[in-house]
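*Asks:* Supplied structure: protein_20.txt, compact mmCIF, C-alpha atoms.
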# COMPACT_ATOMS: atom_id res chain seq x y z
CA MET E 25 262.93 125.85 25.78
CA ASN E 26 262.83 126.25 29.55
CA VAL E 27 259.22 125.87 30.71
CA PHE E 28 258.26 126.56 34.31
CA ILE E 29 255.03 125.20 35.77
CA VAL E 30 253.99 127.03 38.93
CA GLY E 31 251.50 124.68 40.57
CA VAL E 32 252.01 121.09 39.37
CA GLY E 33 248.48 119.76 39.94
CA LEU E 34 245.87 118.66 37.41
CA ILE E 35 245.97 121.78 35.20
CA GLY E 36 249.67 122.57 35.39
CA GLY E 37 250.68 118.92 35.24
CA SER E 38 248.52 118.30 32.16
CA LEU E 39 250.11 121.31 30.45
CA ALA E 40 253.54 119.90 31.25
CA LEU E 41 252.67 116.49 29.78
CA ASP E 42 251.37 117.97 26.53
CA ILE E 43 254.23 120.42 26.12
CA ARG E 44 256.73 117.59 26.63
CA LYS E 45 254.91 115.57 23.94
CA GLU E 46 254.61 118.38 21.38
CA PHE E 47 257.91 120.26 21.78
CA ASP E 48 261.40 118.81 21.49
CA ASN E 49 264.36 119.97 23.54
CA THR E 50 262.19 121.24 26.37
CA VAL E 51 263.17 121.21 30.03
CA ILE E 52 260.22 121.44 32.40
CA TYR E 53 260.73 122.92 35.85
CA GLY E 54 258.20 122.71 38.67
CA ILE E 55 257.54 125.26 41.38
CA ASP E 56 255.08 124.38 44.12
CA ARG E 57 254.66 125.20 47.81
CA ASN E 58 253.76 121.55 48.39
CA GLU E 59 257.03 119.59 48.43
CA ASP E 60 255.11 116.31 48.16
CA HIS E 61 253.55 117.51 44.90
CA LEU E 62 256.99 118.30 43.49
CA GLU E 63 258.36 114.89 44.44
CA GLU E 64 255.31 113.20 42.96
CA ALA E 65 255.57 115.23 39.75
CA LEU E 66 259.22 114.19 39.47
CA SER E 67 258.45 110.52 40.01
CA LEU E 68 255.65 110.65 37.42
CA GLU E 69 258.02 112.40 34.97
CA ILE E 70 255.67 115.37 34.70
CA ILE E 71 258.58 117.72 35.43
CA ASP E 72 262.32 117.32 34.94
CA LYS E 73 263.55 119.45 37.84
CA LYS E 74 262.32 121.23 40.95
CA ALA E 75 262.84 124.99 40.99
CA THR E 76 262.26 128.22 42.90
CA ASN E 77 261.56 131.80 41.84
CA GLU E 78 265.30 132.46 41.72
CA ASP E 79 265.56 130.04 38.79
CA LEU E 80 263.08 132.06 36.70
CA ALA E 81 265.97 134.08 35.29
CA ILE E 82 266.41 131.31 32.66
CA ALA E 83 262.69 130.90 31.90
CA ASP E 84 261.28 131.09 28.38
CA ILE E 85 257.68 130.39 29.41
CA VAL E 86 255.97 130.31 32.81
CA PHE E 87 252.53 128.79 33.34
CA VAL E 88 250.84 129.82 36.60
CA SER E 89 248.31 127.24 37.76
CA ILE E 90 247.56 127.99 41.40
CA PRO E 91 244.48 129.16 43.35
CA VAL E 92 243.32 132.53 42.03
CA ASP E 93 243.75 134.37 45.33
CA VAL E 94 247.40 133.31 45.57
CA SER E 95 247.93 134.32 41.93
CA LEU E 96 247.33 137.96 42.79
CA ILE E 97 250.46 137.87 44.95
CA VAL E 98 252.58 135.35 43.07
CA ILE E 99 252.27 136.64 39.49
CA PRO E 100 253.79 140.09 40.20
CA GLU E 101 256.65 138.31 42.01
CA ILE E 102 257.20 136.05 39.01
CA LEU E 103 257.28 139.04 36.67
CA ASN E 104 259.97 140.56 38.87
CA HIS E 105 262.25 137.54 38.28
CA ILE E 106 261.83 136.73 34.58
CA PRO E 107 264.05 137.84 31.67
CA ASP E 108 262.73 140.36 29.14
CA ASN E 109 261.81 137.76 26.48
CA CYS E 110 259.87 135.45 28.81
CA LEU E 111 256.12 134.82 28.51
CA VAL E 112 254.05 134.40 31.68
CA LEU E 113 250.53 132.92 31.42
CA ASP E 114 247.98 132.30 34.13
CA VAL E 115 245.23 129.74 33.60
CA GLY E 116 242.85 130.67 36.42
CA SER E 117 239.06 130.69 36.32
CA THR E 118 238.71 134.43 37.06
CA LYS E 119 240.41 137.15 35.07
CA GLU E 120 239.38 140.66 36.15
CA LEU E 121 241.26 140.84 39.46
CA VAL E 122 244.46 139.28 38.14
CA CYS E 123 244.52 141.67 35.19
CA ASP E 124 244.02 144.57 37.60
CA ALA E 125 246.79 143.26 39.88
CA ILE E 126 249.48 143.51 37.19
CA ALA E 127 248.04 146.42 35.18
CA ASP E 128 250.85 148.78 36.14
CA HIS E 129 253.67 146.28 36.41
CA PRO E 130 256.78 147.22 34.38
CA LYS E 131 256.64 143.83 32.68
CA ARG E 132 252.92 143.84 31.91
CA ARG E 133 253.80 143.18 28.25
CA ASN E 134 255.23 139.78 29.30
CA PHE E 135 251.92 138.57 30.75
CA LEU E 136 248.99 136.89 29.00
CA ALA E 137 245.72 136.19 30.83
CA THR E 138 244.23 132.88 29.68
CA HIS E 139 241.58 130.41 30.80
CA PRO E 140 241.61 126.98 29.20
CA ILE E 141 238.11 125.59 29.84
CA ALA E 142 239.23 122.09 30.72
CA GLY E 143 239.66 119.96 33.80
CA THR E 144 238.26 117.16 35.90
CA GLU E 145 237.02 116.88 39.47
CA PHE E 146 240.39 115.47 40.58
CA SER E 147 243.45 117.32 41.83
CA GLY E 148 247.15 116.86 42.39
CA PRO E 149 249.94 115.67 40.06
CA GLN E 150 248.47 112.17 39.82
CA ALA E 151 245.38 113.70 38.18
CA ALA E 152 247.37 115.13 35.24
CA LEU E 153 246.23 113.88 31.83
CA THR E 154 247.72 113.90 28.36
CA ASP E 155 245.55 115.69 25.75
CA LEU E 156 243.37 117.30 28.41
CA TYR E 157 243.23 120.48 26.33
CA ARG E 158 242.73 119.03 22.85
CA GLY E 159 239.52 120.40 21.35
CA LYS E 160 238.89 122.67 24.35
CA THR E 161 238.26 126.42 24.27
CA ASN E 162 240.90 128.74 25.67
CA ILE E 163 239.74 132.27 26.51
CA ILE E 164 242.36 135.00 26.20
CA CYS E 165 241.84 138.38 27.86
CA GLU E 166 243.54 141.73 27.13
CA VAL E 167 245.68 140.21 24.39
CA GLU E 168 246.54 143.69 23.12
CA LYS E 169 248.52 144.37 26.31
CA THR E 170 250.94 141.49 25.63
CA ALA E 171 253.99 141.95 23.41
CA PHE E 172 253.20 140.73 19.88
CA LYS E 173 256.09 138.25 19.68
CA LEU E 174 254.97 136.72 22.98
CA GLN E 175 251.40 136.51 21.69
CA GLU E 176 252.74 134.54 18.72
CA LYS E 177 254.65 132.22 21.05
CA ALA E 178 251.50 131.57 23.09
CA LEU E 179 249.35 130.91 20.02
CA GLU E 180 251.90 128.42 18.68
CA ILE E 181 251.70 126.49 21.96
CA PHE E 182 247.90 126.58 22.07
CA SER E 183 247.72 125.41 18.45
CA LYS E 184 250.07 122.47 19.11
CA LEU E 185 247.98 121.51 22.15
CA GLY E 186 244.82 121.58 20.00
CA MET E 187 242.93 124.42 21.67
CA ARG E 188 240.32 126.71 20.16
CA ILE E 189 240.85 130.41 20.95
CA ARG E 190 238.29 132.99 22.03
CA TYR E 191 239.09 136.60 22.91
CA MET E 192 237.16 138.38 25.62
CA ASP E 193 237.55 141.26 28.06
CA PRO E 194 238.10 140.21 31.70
CA LYS E 195 234.79 141.56 32.98
CA SER E 196 232.76 139.71 30.34
CA HIS E 197 234.76 136.55 30.95
CA ASP E 198 233.99 136.54 34.66
CA LYS E 199 230.31 137.21 34.06
CA HIS E 200 229.87 134.45 31.47
CA ILE E 201 231.97 131.87 33.31
CA ALA E 202 229.83 132.38 36.42
CA TYR E 203 226.91 130.87 34.47
CA VAL E 204 228.59 128.00 32.65
CA SER E 205 231.11 126.92 35.26
CA HIS E 206 230.83 128.48 38.69
CA LEU E 207 227.08 127.92 39.04
CA SER E 208 227.53 124.29 37.95
CA HIS E 209 229.99 123.70 40.76
CA ILE E 210 227.76 125.35 43.36
CA SER E 211 224.80 123.26 42.19
CA SER E 212 226.87 120.10 42.47
CA PHE E 213 228.23 120.92 45.92
CA MET E 214 224.77 121.79 47.26
CA LEU E 215 223.13 118.72 45.72
CA GLY E 216 225.75 116.59 47.42
CA LYS E 217 225.21 118.43 50.71
CA THR E 218 221.42 118.00 50.50
CA VAL E 219 221.63 114.26 49.87
CA ILE E 220 224.26 113.66 52.54
CA GLU E 221 222.22 115.54 55.14
CA LYS E 222 219.02 113.73 54.21
CA GLU E 223 220.45 110.25 53.78
CA LYS E 224 222.37 109.68 56.99
CA ASN E 225 222.91 106.04 56.05
CA GLU E 226 225.56 106.37 53.35
CA ARG E 227 225.01 102.80 52.15
CA ASP E 228 221.52 103.79 51.05
CA ILE E 229 222.97 106.58 48.92
CA PHE E 230 225.42 104.26 47.17
CA ASP E 231 222.83 101.53 46.64
CA MET E 232 220.23 103.85 45.14
CA ALA E 233 222.36 106.41 43.31
CA GLY E 234 222.15 106.08 39.54
CA SER E 235 224.27 107.53 36.78
CA GLY E 236 222.21 110.73 36.77
CA PHE E 237 223.05 111.49 40.38
CA ALA E 238 226.68 110.50 39.91
CA SER E 239 227.17 112.77 36.89
CA THR E 240 225.34 115.70 38.49
CA VAL E 241 227.24 115.52 41.77
CA ARG E 242 230.63 114.76 40.16
CA LEU E 243 231.88 118.33 40.51
CA ALA E 244 231.33 118.19 44.27
CA LYS E 245 234.57 116.18 44.40
CA SER E 246 236.47 119.29 43.24
CA SER E 247 239.04 120.96 45.49
CA PRO E 248 237.56 123.47 48.00
CA ALA E 249 241.00 125.08 48.21
CA MET E 250 240.70 125.99 44.54
CA TRP E 251 237.01 126.84 44.38
CA THR E 252 236.52 128.98 47.50
CA PRO E 253 238.85 131.73 46.16
CA ILE E 254 237.10 131.56 42.78
CA PHE E 255 233.73 132.19 44.40
CA GLU E 256 235.25 134.99 46.46
CA GLN E 257 236.82 136.73 43.46
CA ASN E 258 233.70 136.37 41.31
CA LYS E 259 231.25 136.95 44.15
CA ASN E 260 229.02 139.55 42.48
CA ASN E 261 228.58 137.59 39.27
CA VAL E 262 228.01 134.35 41.17
CA ILE E 263 225.33 135.98 43.34
CA GLU E 264 223.57 137.23 40.19
CA THR E 265 223.54 133.75 38.67
CA LEU E 266 222.35 132.24 41.96
CA ASP E 267 219.46 134.73 42.14
CA GLU E 268 218.28 133.62 38.69
CA TYR E 269 218.84 129.94 39.43
CA ILE E 270 217.00 130.10 42.76
CA GLN E 271 214.11 131.92 41.07
CA ASN E 272 213.84 129.12 38.50
CA LEU E 273 213.89 126.51 41.27
CA GLN E 274 211.23 128.41 43.19
CA ASN E 275 209.05 128.66 40.09
CA PHE E 276 209.41 124.91 39.54
CA LYS E 277 208.44 124.25 43.15
CA THR E 278 205.38 126.48 42.77
CA LEU E 279 204.27 124.59 39.65
CA LEU E 280 204.54 121.33 41.59
CA GLU E 281 202.49 122.74 44.45
CA GLN E 282 199.84 123.85 41.94
CA ASP E 283 199.79 120.44 40.19
CA ASN E 284 200.56 122.33 37.01
CA PHE E 285 202.30 119.46 35.25
CA SER E 286 201.47 120.68 31.78
CA GLU E 287 203.58 123.78 32.47
CA ILE E 288 206.33 121.61 33.99
CA TYR E 289 206.32 119.56 30.79
CA SER E 290 206.54 122.75 28.75
CA GLU E 291 209.42 124.09 30.87
CA MET E 292 211.41 120.89 30.42
CA GLU E 293 210.60 120.65 26.71
CA ASN E 294 211.83 124.21 26.14
CA THR E 295 214.99 123.45 28.09
CA ASN E 296 215.63 120.38 25.92
CA HIS E 297 216.93 122.89 23.36
CA ILE E 298 220.17 122.78 25.37
CA LYS E 299 220.92 119.52 23.52
CA GLN E 300 221.22 121.31 20.19
CA ILE E 301 223.40 124.02 21.73
CA LEU E 302 225.78 121.52 23.34
CA ASN E 303 225.91 119.32 20.25
CA GLY E 304 226.82 122.38 18.22
CA ILE E 305 229.71 123.12 20.56
CA GLN E 306 230.98 119.52 20.42
CA GLU E 307 230.79 119.38 16.62
CA VAL E 308 232.97 122.47 16.04
CA LYS E 309 236.09 121.29 14.24
CA LEU E 310 239.61 122.50 14.92
CA PRO E 311 241.17 124.62 12.16
Spit out the file's structure as structure tokens when you get a sec.
*Replies:*
Amino acid sequence: MNVFIVGVGLIGGSLALDIRKEFDNTVIYGIDRNEDHLEEALSLEIIDKKATNEDLAIADIVFVSIPVDVSLIVIPEILNHIPDNCLVLDVGSTKELVCDAIADHPKRRNFLATHPIAGTEFSGPQAALTDLYRGKTNIICEVEKTAFKLQEKALEIFSKLGMRIRYMDPKSHDKHIAYVSHLSHISSFMLGKTVIEKEKNERDIFDMAGSGFASTVRLAKSSPAMWTPIFEQNKNNVIETLDEYIQNLQNFKTLLEQDNFSEIYSEMENTNHIKQILNGIQEVKLP
């Protein structure tokens, strides 16, 4: 099986590591605009060979793991180069625009829009992890537009990698992911910004920061090159979530100003229900 990874950073590199572990007789090719990333991926044995689009003529599977704005240009080009039995998957955090971009492509049936909900705040080939996707949810959009045999190929890979599958239309995906992922990153970035601007003496931050601050601001270490295009593509949904979030913050501030701590207690107690929701997600067993 000839597997091509377009974008050999955290997400693409982790896919390569798991595919190498789970599938025998697989050759993994890397395509990346950053030559240093390719060399690093080779030295870490994430990929077997460097490649270009011209090599896609021998591809069985292509995973596209690049910033979502670049995907809109690159995925149609990839589809132009692949053989008829090749499966192309993107793993980006927004789905509506990429599905629109290839809607009328002659090889639309070769494409599957996916979003594995997995990752860390780190980037680059050195951030790649084995078993990153085990137990994680993978959202698939517009599955009916992909050739059935290629759907089966994708599901076999996802099963071997230990992913749970959810099906969703692209518009719903982008709306929901704005709440559970995109808003979290904005909150983290802005918390980090607020503290940095307030605490000019960085030593004070490090001395006083506890685990709560560290875990909340962790996502602020994520790549701006990846996240700026995500916010751009999902702008309307992100603005809607921000409006609601800002309103909740404003309400909390008002309660503080009014010394209404009984209501603050009630607000936090009601929100504690999130523990049961998250525990329920974590306890779901793989089939």
*Asks:* Neighbouring residues of Ile141 (chain E) were defined as those with any atom within 9 Å, considering all atoms listed in the file; residues of the same chain fewer than 6 positions away were excluded. Please report them as a ChimeraX atom specification.
*Replies:* /E:117,157,160-163,205
*Asks:* Counting all atoms listed in the file, I want the residues whose atoms come within 10 Å of (237.8, 140.1, 27.3) in the file frame, returned as a PyMOL selection string.
*Replies:* chain E and resi 119-120+137-138+163-167+190-198
*Asks:* So, with all atoms listed in the file as the atoms that count, which of E:Gln175, E:Gln282, E:Asn109, E:Ser212 lies closest to Ala244 (chain E)?
*Replies:* E:Ser212
*Asks:* Can you work out the spacing between CA of Ile35 (chain E) and CA of Glu101 (chain E) in Å, to one decimal?
*Replies:*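 Going from CA of Ile35 (chain E) over to CA of Glu101 (chain E), I get 20.8 Å.
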*Asks:* As an exercise, work out the distance from CA of Phe87 (chain E) to CA of Ile52 (chain E) in Å and give it to one decimal place.
*Replies:*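 These atoms are spaced 10.7 Å apart.
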*Asks:* Please determine, counting all atoms listed in the file, which residue among E:Pro91, E:Pro149, E:Pro130, E:Gly33 has the shortest atom-to-atom distance to Asp108 (chain E).
*Replies:*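 Looking only at the distances to Asp108 (chain E), the closest residue turns out to be E:Pro130.
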*Asks:* Under the rule that all atoms listed in the file are counted, which of E:Ala151, E:Leu96, E:Ala142, E:Leu103 is the nearest residue to Arg188 (chain E)?
*Replies:* E:Ala142
*Asks:* Which is closer to Ser38 (chain E) than all the others in E:Ser290, E:Thr118, E:Ser89, E:Asn26, using all atoms listed in the file?
*Replies:* E:Ser89
*Asks:* List the neighbours of Gly216 (chain E) out to 6 Å using all atoms listed in the file; skip same-chain residues closer than 3 positions along the sequence, and give me the result as a list in words.
*Replies:*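 These residues fall inside the cut-off: Phe213, Val219 and Val241 of chain E.
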*Asks:* Calculate how many Å separate CA of Tyr289 (chain E) from CA of Gln271 (chain E), rounding to one decimal.
*Replies:*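 These two atoms are separated by 17.9 Å.
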*Asks:* Hey, which of E:Lys45, E:Lys259, E:Lys169, E:His206 ends up closest to Ile126 (chain E)? Count all atoms listed in the file.
*Replies:* E:Lys169
